[in-house]
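Everything on this sheet refers to the single structure shown next.
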Amino acid sequence: MKLKGDKQDSSEGTAGAKGKMTLPLALVALISAFGSSFQYGYNVSVINSPAPYMQEFYNRTYLDRTGVPMDRGFQTLLWSLTVSMFPLGGLFGSLMVWPMVNNCGRKGTLLINNLFSIAAAVLMGTSELAKTFEVIILSRVVMGIFAGLASNVVPMFLGEMSPKNLRGAVGVVPQLFITIGILAAQILGLNSILGNAEGWPVLLGLTGIPSLIQLLTLPFFPESPRYLLIQKGNEEQARRALQRLRGWEDVDDEIQEMYQENQSEKEEGQFSVLSLFTFRGLRWQLISIIVMMAGQQLSGVNGVFYYADRIFESAGVPSSSIQYVTVSIGAINVVMTLLAVFIVESLGRRILLLAGFVLCSASCAILTLALNLQSTVSWMSYLSIVCVIAYIIGHAIGPSPIPPVMITEMFLQSSRPAAFMVGGSVHWLSNFTVGLVFLYMEAGLGPYSFLIFCAICVATVLYIFFIVPETKNKTFMEINRIMAKRNKVEVQESKE
């Protein structure tokens, strides 16, 4: 039996000591996920419920200015801009990840990022008083930039802080808070709460509060120890940060592992996005994150959420109750992501990804059948509700939370920021594409749209099955060695 401070034998590799969940690690995970990831989820969902009241405000403002009512085509254009500016801003935010985390650190980037969110919250909250709808559209871009940075920096920050046996569980926490943010926006957006003509500016403005809390509390927690040691060369600060996060004094094993990682990367230096694409030693890692991040969004999760209201309507759910059913689906999403936090370390990343995508593909295939037959077979509409719930369960346990964890684990310190920039850009571009194309797909193909999503899920499953390794309970260097074999390259290692 080993006491928590003991070094383990060398057969378990450097950094072998199993970490435990300490209060500082738990708090830094909760503060960064609540202050950043929560708002990403909140802003994905926040404009769904008050949409009619916001469109009415756009109309009224235009009429006051020009004396003529707004043309329907122009109103549709303005509303689609309001919706799509968020993922477009997310893409811009992702492009800022690499320079910001390398120059300002992980914690520093999160703190600076709060300024985007607070500014956007103030502008959206006062837009009705100022009688300007342009400010809402601009704020959605700014909020998107915030979300683009947050969705990449939080998993990187937490992944670098966690001991290897907790990296998966802590890495799923940001996705858990994204689902909590979606649920919070759905609940606050109910007609009886803030989703009404008077309440919507408050609903949009509330997003600044988590940022304010993060801005006031995060400075009291340490920066990523790996950033401090490998990029800043400050062993003393890294050691102090690790001791605080681990809850014990002896952190030599982890310091040693960081030096090994640093040594193996000395040859390459800091990676830019361009050098990441041209470096043979990271070829399969790069292809893997592109496939997983594209699969996550192109598997149709936004399409299923978008379609859900109509599926419930066709199943006979009264329109006054649909928003409550939507809230219950948001709650299922939270519960299943919470389950992923607890099972990711025992089952591993790979099995959750495979199981999740298989469940999503089966749900899409059966949903296509159910939607086509629901006018002739009465119980098919209930089957389509079951498919929506099964799809959301599948996505919540694997495709949603695991890809960002894998980016943290498959790349070393020098290439990780560039990898997150690529993964984040693929995520937001795919999100934007689905938002843009789905309406046309649905108009042209109807329920058969879901067969396209089904095919994408199947293709992603096959790729993960044949290419992506299990990374559970391995150090970054061990994962690097596994991928080096696949890339047919030698790993430079310290001789110590």
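Chain lettering (A, B, ...) mirrors the order of the structure tokens, residue numbering begins at 1 for each chain separately, and ligand numbering begins at 1 in order of display.
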
Closest contacts (range 337-361 of chain A/range 168-192 of chain A, max 8 Å, only C-alpha atoms) as a Markdown table:
```
| residue | atom | partner | partner_atom | distance |
| --- | --- | --- | --- | --- |
| A:Thr337 | CA | A:Leu176 | CA | 5.5 |
| A:Leu338 | CA | A:Leu176 | CA | 6.2 |
| A:Ala340 | CA | A:Val172 | CA | 7.2 |
| A:Val341 | CA | A:Ala169 | CA | 4.6 |
| A:Phe342 | CA | A:Ala169 | CA | 6.5 |
| A:Ile343 | CA | A:Ala169 | CA | 7.9 |
| A:Val344 | CA | A:Gly168 | CA | 6.0 |
| A:Glu345 | CA | A:Gly168 | CA | 6.0 |
| A:Arg349 | CA | A:Gly168 | CA | 7.5 |
```

How would the residues just chosen look if you wrote them out with N, CA and C atoms as a short mmCIF file (atom, residue, chain, number, x, y, z; two decimals), in the first residue's frame?
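Saved to again-v9.cif:
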```
data_model
loop_
_atom_site.label_atom_id
_atom_site.label_comp_id
_atom_site.auth_asym_id
_atom_site.auth_seq_id
_atom_site.Cartn_x
_atom_site.Cartn_y
_atom_site.Cartn_z
N THR A 337 -24.40 13.81 -19.27
CA THR A 337 -23.03 14.34 -19.28
C THR A 337 -22.39 14.17 -17.90
N LEU A 338 -23.22 14.34 -16.86
CA LEU A 338 -22.73 14.11 -15.48
C LEU A 338 -22.31 12.65 -15.32
N ALA A 340 -21.14 10.80 -17.68
CA ALA A 340 -19.86 10.67 -18.40
C ALA A 340 -18.67 11.07 -17.52
N VAL A 341 -18.88 12.10 -16.65
CA VAL A 341 -17.81 12.53 -15.73
C VAL A 341 -17.38 11.35 -14.86
N PHE A 342 -18.36 10.55 -14.41
CA PHE A 342 -18.07 9.47 -13.47
C PHE A 342 -17.57 8.19 -14.14
N ILE A 343 -17.95 7.98 -15.42
CA ILE A 343 -17.57 6.70 -16.04
C ILE A 343 -16.38 6.80 -17.00
N VAL A 344 -15.96 8.04 -17.34
CA VAL A 344 -14.91 8.17 -18.36
C VAL A 344 -13.58 7.56 -17.90
N GLU A 345 -13.28 7.60 -16.59
CA GLU A 345 -12.02 7.05 -16.12
C GLU A 345 -12.05 5.52 -16.00
N ARG A 349 -11.95 6.61 -22.85
CA ARG A 349 -12.48 7.59 -23.81
C ARG A 349 -13.04 6.90 -25.06
#
```

Write out as a ChimeraX atom specification the residues lying within 8 Å of range 443-458 of chain A, counting only C-alpha atoms and excluding same-chain residues fewer than 4 positions away. /A:295,298-300,357-358,360-362,364-365,367-368,371-372,439,462

Next, the residues of the selection above should be written as a JSON list (two decimals), in the first residue's frame with C-alpha atoms.
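See again22.json below for the written result:
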```json
[["chain", "number", "residue", "atom", "x", "y", "z"],
["A", 295, "GLY", "CA", -18.06, 14.41, -36.44],
["A", 298, "LEU", "CA", -21.85, 17.31, -38.43],
["A", 299, "SER", "CA", -23.52, 14.35, -36.68],
["A", 300, "GLY", "CA", -26.59, 16.60, -36.51],
["A", 357, "PHE", "CA", -21.69, 7.65, -32.13],
["A", 358, "VAL", "CA", -23.28, 4.18, -32.63],
["A", 360, "CYS", "CA", -26.56, 8.53, -32.55],
["A", 361, "SER", "CA", -26.37, 6.74, -35.92],
["A", 362, "ALA", "CA", -29.03, 4.18, -34.92],
["A", 364, "CYS", "CA", -30.95, 8.96, -36.87],
["A", 365, "ALA", "CA", -31.76, 5.88, -39.00],
["A", 367, "LEU", "CA", -35.94, 8.60, -36.72],
["A", 368, "THR", "CA", -35.95, 8.81, -40.55],
["A", 371, "LEU", "CA", -40.90, 10.54, -39.37],
["A", 372, "ASN", "CA", -41.82, 9.04, -42.75],
["A", 439, "LEU", "CA", -32.88, 24.60, -43.35],
["A", 462, "LEU", "CA", -15.14, 3.47, -38.29]]
```

Tell me, as a ChimeraX atom specification, which residues lie within 6 Å of range 148-156 of chain A, counting only C-alpha atoms; anything in the same chain fewer than 6 positions away does not count. /A:36,90,93-94,97,171,408,420

Please identify all polymer residues within 10 Å of range 138-146 of chain A, counting only C-alpha atoms, omitting same-chain residues fewer than 4 positions from it, and present them as a ChimeraX atom specification. /A:36-37,39-40,43-44,81-96,110,112-124,127,133-134,150-151,207,428

Selection: 10 Å around Met70 in chain A, only C-alpha atoms, excl. self and same-chain fewer than 4 positions, as a JSON list (two decimals) with all heavy atoms, in the first residue's frame:
```
[["chain", "number", "residue", "atom", "x", "y", "z"],
["A", 58, "TYR", "N", -37.33, 44.22, -33.19],
["A", 58, "TYR", "CA", -36.63, 44.62, -34.43],
["A", 58, "TYR", "C", -37.60, 45.40, -35.33],
["A", 58, "TYR", "O", -37.26, 46.45, -35.88],
["A", 58, "TYR", "CB", -36.13, 43.38, -35.20],
["A", 58, "TYR", "CG", -34.93, 42.67, -34.62],
["A", 58, "TYR", "CD1", -34.55, 42.83, -33.30],
["A", 58, "TYR", "CD2", -34.16, 41.80, -35.40],
["A", 58, "TYR", "CE1", -33.43, 42.17, -32.77],
["A", 58, "TYR", "CE2", -33.05, 41.14, -34.89],
["A", 58, "TYR", "CZ", -32.70, 41.32, -33.57],
["A", 58, "TYR", "OH", -31.61, 40.66, -33.05],
["A", 59, "ASN", "N", -38.81, 44.84, -35.46],
["A", 59, "ASN", "CA", -39.84, 45.45, -36.30],
["A", 59, "ASN", "C", -40.23, 46.83, -35.84],
["A", 59, "ASN", "O", -40.31, 47.78, -36.61],
["A", 59, "ASN", "CB", -41.10, 44.56, -36.25],
["A", 59, "ASN", "CG", -41.44, 43.99, -37.60],
["A", 59, "ASN", "OD1", -41.18, 44.63, -38.61],
["A", 59, "ASN", "ND2", -42.01, 42.80, -37.61],
["A", 60, "ARG", "N", -40.49, 46.91, -34.52],
["A", 60, "ARG", "CA", -40.96, 48.16, -33.90],
["A", 60, "ARG", "C", -39.90, 49.26, -34.05],
["A", 60, "ARG", "O", -40.19, 50.40, -34.38],
["A", 60, "ARG", "CB", -41.26, 47.91, -32.42],
["A", 60, "ARG", "CG", -42.18, 48.92, -31.78],
["A", 60, "ARG", "CD", -42.64, 48.48, -30.40],
["A", 60, "ARG", "NE", -41.53, 48.29, -29.47],
["A", 60, "ARG", "CZ", -41.21, 47.13, -28.92],
["A", 60, "ARG", "NH1", -41.90, 46.04, -29.22],
["A", 60, "ARG", "NH2", -40.20, 47.04, -28.07],
["A", 61, "THR", "N", -38.62, 48.87, -33.82],
["A", 61, "THR", "CA", -37.52, 49.83, -33.90],
["A", 61, "THR", "C", -37.38, 50.36, -35.33],
["A", 61, "THR", "O", -37.20, 51.56, -35.56],
["A", 61, "THR", "CB", -36.20, 49.16, -33.47],
["A", 61, "THR", "OG1", -36.40, 48.56, -32.20],
["A", 61, "THR", "CG2", -35.06, 50.15, -33.37],
["A", 62, "TYR", "N", -37.50, 49.45, -36.29],
["A", 62, "TYR", "CA", -37.37, 49.82, -37.71],
["A", 62, "TYR", "C", -38.50, 50.76, -38.11],
["A", 62, "TYR", "O", -38.29, 51.77, -38.80],
["A", 62, "TYR", "CB", -37.38, 48.55, -38.56],
["A", 62, "TYR", "CG", -37.12, 48.78, -40.03],
["A", 62, "TYR", "CD1", -35.81, 48.90, -40.51],
["A", 62, "TYR", "CD2", -38.16, 48.87, -40.95],
["A", 62, "TYR", "CE1", -35.56, 49.10, -41.85],
["A", 62, "TYR", "CE2", -37.91, 49.08, -42.31],
["A", 62, "TYR", "CZ", -36.62, 49.20, -42.75],
["A", 62, "TYR", "OH", -36.36, 49.40, -44.09],
["A", 63, "LEU", "N", -39.71, 50.46, -37.63],
["A", 63, "LEU", "CA", -40.90, 51.28, -37.93],
["A", 63, "LEU", "C", -40.74, 52.68, -37.34],
["A", 63, "LEU", "O", -41.02, 53.69, -38.01],
["A", 63, "LEU", "CB", -42.15, 50.60, -37.36],
["A", 63, "LEU", "CG", -43.50, 51.28, -37.62],
["A", 63, "LEU", "CD1", -43.80, 51.33, -39.12],
["A", 63, "LEU", "CD2", -44.63, 50.54, -36.91],
["A", 66, "THR", "N", -38.06, 54.54, -39.58],
["A", 66, "THR", "CA", -38.30, 54.82, -41.01],
["A", 66, "THR", "C", -39.75, 55.18, -41.32],
["A", 66, "THR", "O", -40.04, 55.73, -42.38],
["A", 66, "THR", "CB", -37.94, 53.57, -41.86],
["A", 66, "THR", "OG1", -38.78, 52.49, -41.43],
["A", 66, "THR", "CG2", -36.48, 53.18, -41.67],
["A", 74, "PHE", "N", -36.26, 41.07, -45.15],
["A", 74, "PHE", "CA", -35.22, 41.75, -44.38],
["A", 74, "PHE", "C", -35.23, 41.26, -42.93],
["A", 74, "PHE", "O", -34.18, 41.06, -42.31],
["A", 74, "PHE", "CB", -35.43, 43.27, -44.46],
["A", 74, "PHE", "CG", -34.35, 44.07, -43.79],
["A", 74, "PHE", "CD1", -33.00, 43.88, -44.11],
["A", 74, "PHE", "CD2", -34.67, 45.01, -42.82],
["A", 74, "PHE", "CE1", -32.00, 44.63, -43.48],
["A", 74, "PHE", "CE2", -33.67, 45.75, -42.18],
["A", 74, "PHE", "CZ", -32.34, 45.56, -42.52],
["A", 75, "GLN", "N", -36.45, 41.04, -42.40],
["A", 75, "GLN", "CA", -36.55, 40.55, -41.02],
["A", 75, "GLN", "C", -35.92, 39.15, -40.88],
["A", 75, "GLN", "O", -35.20, 38.87, -39.93],
["A", 75, "GLN", "CB", -38.02, 40.49, -40.57],
["A", 75, "GLN", "CG", -38.14, 40.02, -39.13],
["A", 75, "GLN", "CD", -39.55, 40.15, -38.59],
["A", 75, "GLN", "OE1", -40.47, 40.51, -39.30],
["A", 75, "GLN", "NE2", -39.73, 39.86, -37.31]]
```

Skip range 237-246 of chain A itself and residues of its chain fewer than 5 positions away, then list as JSON, numbers by chain all residues within 8 Å of it, counting only C-alpha atoms. {"A": [19, 20, 21, 22, 23, 24, 25, 161, 222, 223, 224, 225, 226, 228, 229, 251, 255]}

Output of the above residues as a PDB file, in the first residue's frame, restricted to N, CA and C atoms:
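And here's again07.pdb as it stands now:
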```pdb
ATOM      1  N   GLY A  19      -3.110  10.861  -8.580  1.00  0.00           N
ATOM      2  CA  GLY A  19      -3.595  12.073  -7.915  1.00  0.00           C
ATOM      3  C   GLY A  19      -4.987  11.855  -7.369  1.00  0.00           C
ATOM      4  N   LYS A  20      -5.331  12.668  -6.396  1.00  0.00           N
ATOM      5  CA  LYS A  20      -6.699  12.613  -5.890  1.00  0.00           C
ATOM      6  C   LYS A  20      -7.340  13.977  -6.134  1.00  0.00           C
ATOM      7  N   MET A  21      -8.657  13.998  -6.066  1.00  0.00           N
ATOM      8  CA  MET A  21      -9.371  15.256  -6.268  1.00  0.00           C
ATOM      9  C   MET A  21      -9.207  16.114  -5.016  1.00  0.00           C
ATOM     10  N   THR A  22      -8.450  17.200  -5.129  1.00  0.00           N
ATOM     11  CA  THR A  22      -8.253  18.099  -3.992  1.00  0.00           C
ATOM     12  C   THR A  22      -9.200  19.286  -4.129  1.00  0.00           C
ATOM     13  N   LEU A  23      -9.377  20.028  -3.043  1.00  0.00           N
ATOM     14  CA  LEU A  23     -10.275  21.187  -3.069  1.00  0.00           C
ATOM     15  C   LEU A  23      -9.806  22.247  -4.083  1.00  0.00           C
ATOM     16  N   PRO A  24      -8.499  22.614  -4.119  1.00  0.00           N
ATOM     17  CA  PRO A  24      -8.085  23.615  -5.116  1.00  0.00           C
ATOM     18  C   PRO A  24      -8.359  23.181  -6.559  1.00  0.00           C
ATOM     19  N   LEU A  25      -8.116  21.891  -6.870  1.00  0.00           N
ATOM     20  CA  LEU A  25      -8.366  21.393  -8.231  1.00  0.00           C
ATOM     21  C   LEU A  25      -9.861  21.430  -8.553  1.00  0.00           C
ATOM     22  N   MET A 161      -3.751  20.733 -15.751  1.00  0.00           N
ATOM     23  CA  MET A 161      -3.678  20.807 -14.287  1.00  0.00           C
ATOM     24  C   MET A 161      -3.951  19.475 -13.601  1.00  0.00           C
ATOM     25  N   PRO A 222      -3.749  28.913  -9.119  1.00  0.00           N
ATOM     26  CA  PRO A 222      -2.505  28.900  -9.889  1.00  0.00           C
ATOM     27  C   PRO A 222      -2.721  28.789 -11.396  1.00  0.00           C
ATOM     28  N   GLU A 223      -1.696  29.206 -12.131  1.00  0.00           N
ATOM     29  CA  GLU A 223      -1.634  29.023 -13.587  1.00  0.00           C
ATOM     30  C   GLU A 223      -1.316  27.551 -13.853  1.00  0.00           C
ATOM     31  N   SER A 224      -1.500  27.092 -15.075  1.00  0.00           N
ATOM     32  CA  SER A 224      -1.153  25.717 -15.464  1.00  0.00           C
ATOM     33  C   SER A 224       0.324  25.435 -15.174  1.00  0.00           C
ATOM     34  N   PRO A 225       0.622  24.399 -14.337  1.00  0.00           N
ATOM     35  CA  PRO A 225       2.030  24.097 -14.019  1.00  0.00           C
ATOM     36  C   PRO A 225       2.868  23.781 -15.262  1.00  0.00           C
ATOM     37  N   ARG A 226       2.255  23.125 -16.255  1.00  0.00           N
ATOM     38  CA  ARG A 226       2.998  22.769 -17.475  1.00  0.00           C
ATOM     39  C   ARG A 226       3.391  24.023 -18.246  1.00  0.00           C
ATOM     40  N   LEU A 228       3.877  26.995 -16.870  1.00  0.00           N
ATOM     41  CA  LEU A 228       4.909  27.678 -16.071  1.00  0.00           C
ATOM     42  C   LEU A 228       6.283  27.053 -16.278  1.00  0.00           C
ATOM     43  N   LEU A 229       6.334  25.707 -16.327  1.00  0.00           N
ATOM     44  CA  LEU A 229       7.634  25.033 -16.429  1.00  0.00           C
ATOM     45  C   LEU A 229       8.144  24.994 -17.868  1.00  0.00           C
ATOM     46  N   VAL A 251       6.260  16.396  -5.528  1.00  0.00           N
ATOM     47  CA  VAL A 251       5.730  16.403  -6.902  1.00  0.00           C
ATOM     48  C   VAL A 251       6.864  16.160  -7.912  1.00  0.00           C
ATOM     49  N   ILE A 255       7.170  16.758 -12.105  1.00  0.00           N
ATOM     50  CA  ILE A 255       8.154  17.726 -12.606  1.00  0.00           C
ATOM     51  C   ILE A 255       9.094  17.016 -13.594  1.00  0.00           C
TER      52      ILE A 255
END
```

Can you pull out every residue within 7 Å of Phe438 in chain A, counting only C-alpha atoms, but drop anything in the same chain fewer than 4 positions away, and send it as an mmCIF file with all heavy atoms, in the first residue's frame?
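The file below, out25.cif, is the result:
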```
data_model
loop_
_atom_site.group_PDB
_atom_site.id
_atom_site.type_symbol
_atom_site.label_atom_id
_atom_site.label_comp_id
_atom_site.auth_asym_id
_atom_site.auth_seq_id
_atom_site.Cartn_x
_atom_site.Cartn_y
_atom_site.Cartn_z
ATOM 1 N N GLY A 303 -29.327 19.923 -35.539
ATOM 2 C CA GLY A 303 -30.517 19.582 -36.321
ATOM 3 C C GLY A 303 -31.562 18.874 -35.473
ATOM 4 O O GLY A 303 -32.760 19.158 -35.565
ATOM 5 N N VAL A 434 -23.772 23.623 -40.352
ATOM 6 C CA VAL A 434 -25.044 22.935 -40.076
ATOM 7 C C VAL A 434 -26.162 23.964 -39.920
ATOM 8 O O VAL A 434 -27.257 23.806 -40.472
ATOM 9 C CB VAL A 434 -24.948 22.034 -38.817
ATOM 10 C CG1 VAL A 434 -26.310 21.481 -38.431
ATOM 11 C CG2 VAL A 434 -23.989 20.878 -39.072
ATOM 12 N N GLU A 442 -33.446 20.369 -45.000
ATOM 13 C CA GLU A 442 -34.768 19.962 -44.512
ATOM 14 C C GLU A 442 -35.838 20.265 -45.553
ATOM 15 O O GLU A 442 -36.743 19.458 -45.781
ATOM 16 C CB GLU A 442 -35.034 20.734 -43.214
ATOM 17 C CG GLU A 442 -36.234 20.246 -42.455
ATOM 18 C CD GLU A 442 -37.002 21.394 -41.862
ATOM 19 O OE1 GLU A 442 -36.470 22.504 -41.755
ATOM 20 O OE2 GLU A 442 -38.153 21.161 -41.506
#
```

Hey, could you make a per-residue contact list for range 309-413 of chain A against range 479-493 of chain A with 9 Å as the cut-off, showing the nearest pair of atoms and its distance in Å to one decimal, counting only C-alpha atoms, sorted by chain and number, as JSON lines?
```
{"residue": "A:Glu409", "atom": "CA", "partner": "A:Ile479", "partner_atom": "CA", "distance": 7.2}
{"residue": "A:Met410", "atom": "CA", "partner": "A:Ile479", "partner_atom": "CA", "distance": 6.3}
{"residue": "A:Phe411", "atom": "CA", "partner": "A:Asn480", "partner_atom": "CA", "distance": 7.2}
{"residue": "A:Leu412", "atom": "CA", "partner": "A:Asn480", "partner_atom": "CA", "distance": 7.5}
```

Save the residues we just selected, N, CA and C atoms, as a short mmCIF file (atom, residue, chain, number, x, y, z; two decimals), in the first residue's frame?
```
data_model
loop_
_atom_site.label_atom_id
_atom_site.label_comp_id
_atom_site.auth_asym_id
_atom_site.auth_seq_id
_atom_site.Cartn_x
_atom_site.Cartn_y
_atom_site.Cartn_z
N GLU A 409 -4.93 15.40 -24.64
CA GLU A 409 -4.12 14.22 -24.36
C GLU A 409 -3.22 13.80 -25.53
N MET A 410 -3.64 14.07 -26.75
CA MET A 410 -2.88 13.57 -27.91
C MET A 410 -1.76 14.50 -28.34
N PHE A 411 -1.72 15.71 -27.76
CA PHE A 411 -0.68 16.67 -28.14
C PHE A 411 0.14 17.06 -26.91
N LEU A 412 1.43 17.33 -27.14
CA LEU A 412 2.31 17.80 -26.07
C LEU A 412 2.23 19.33 -25.98
#
```
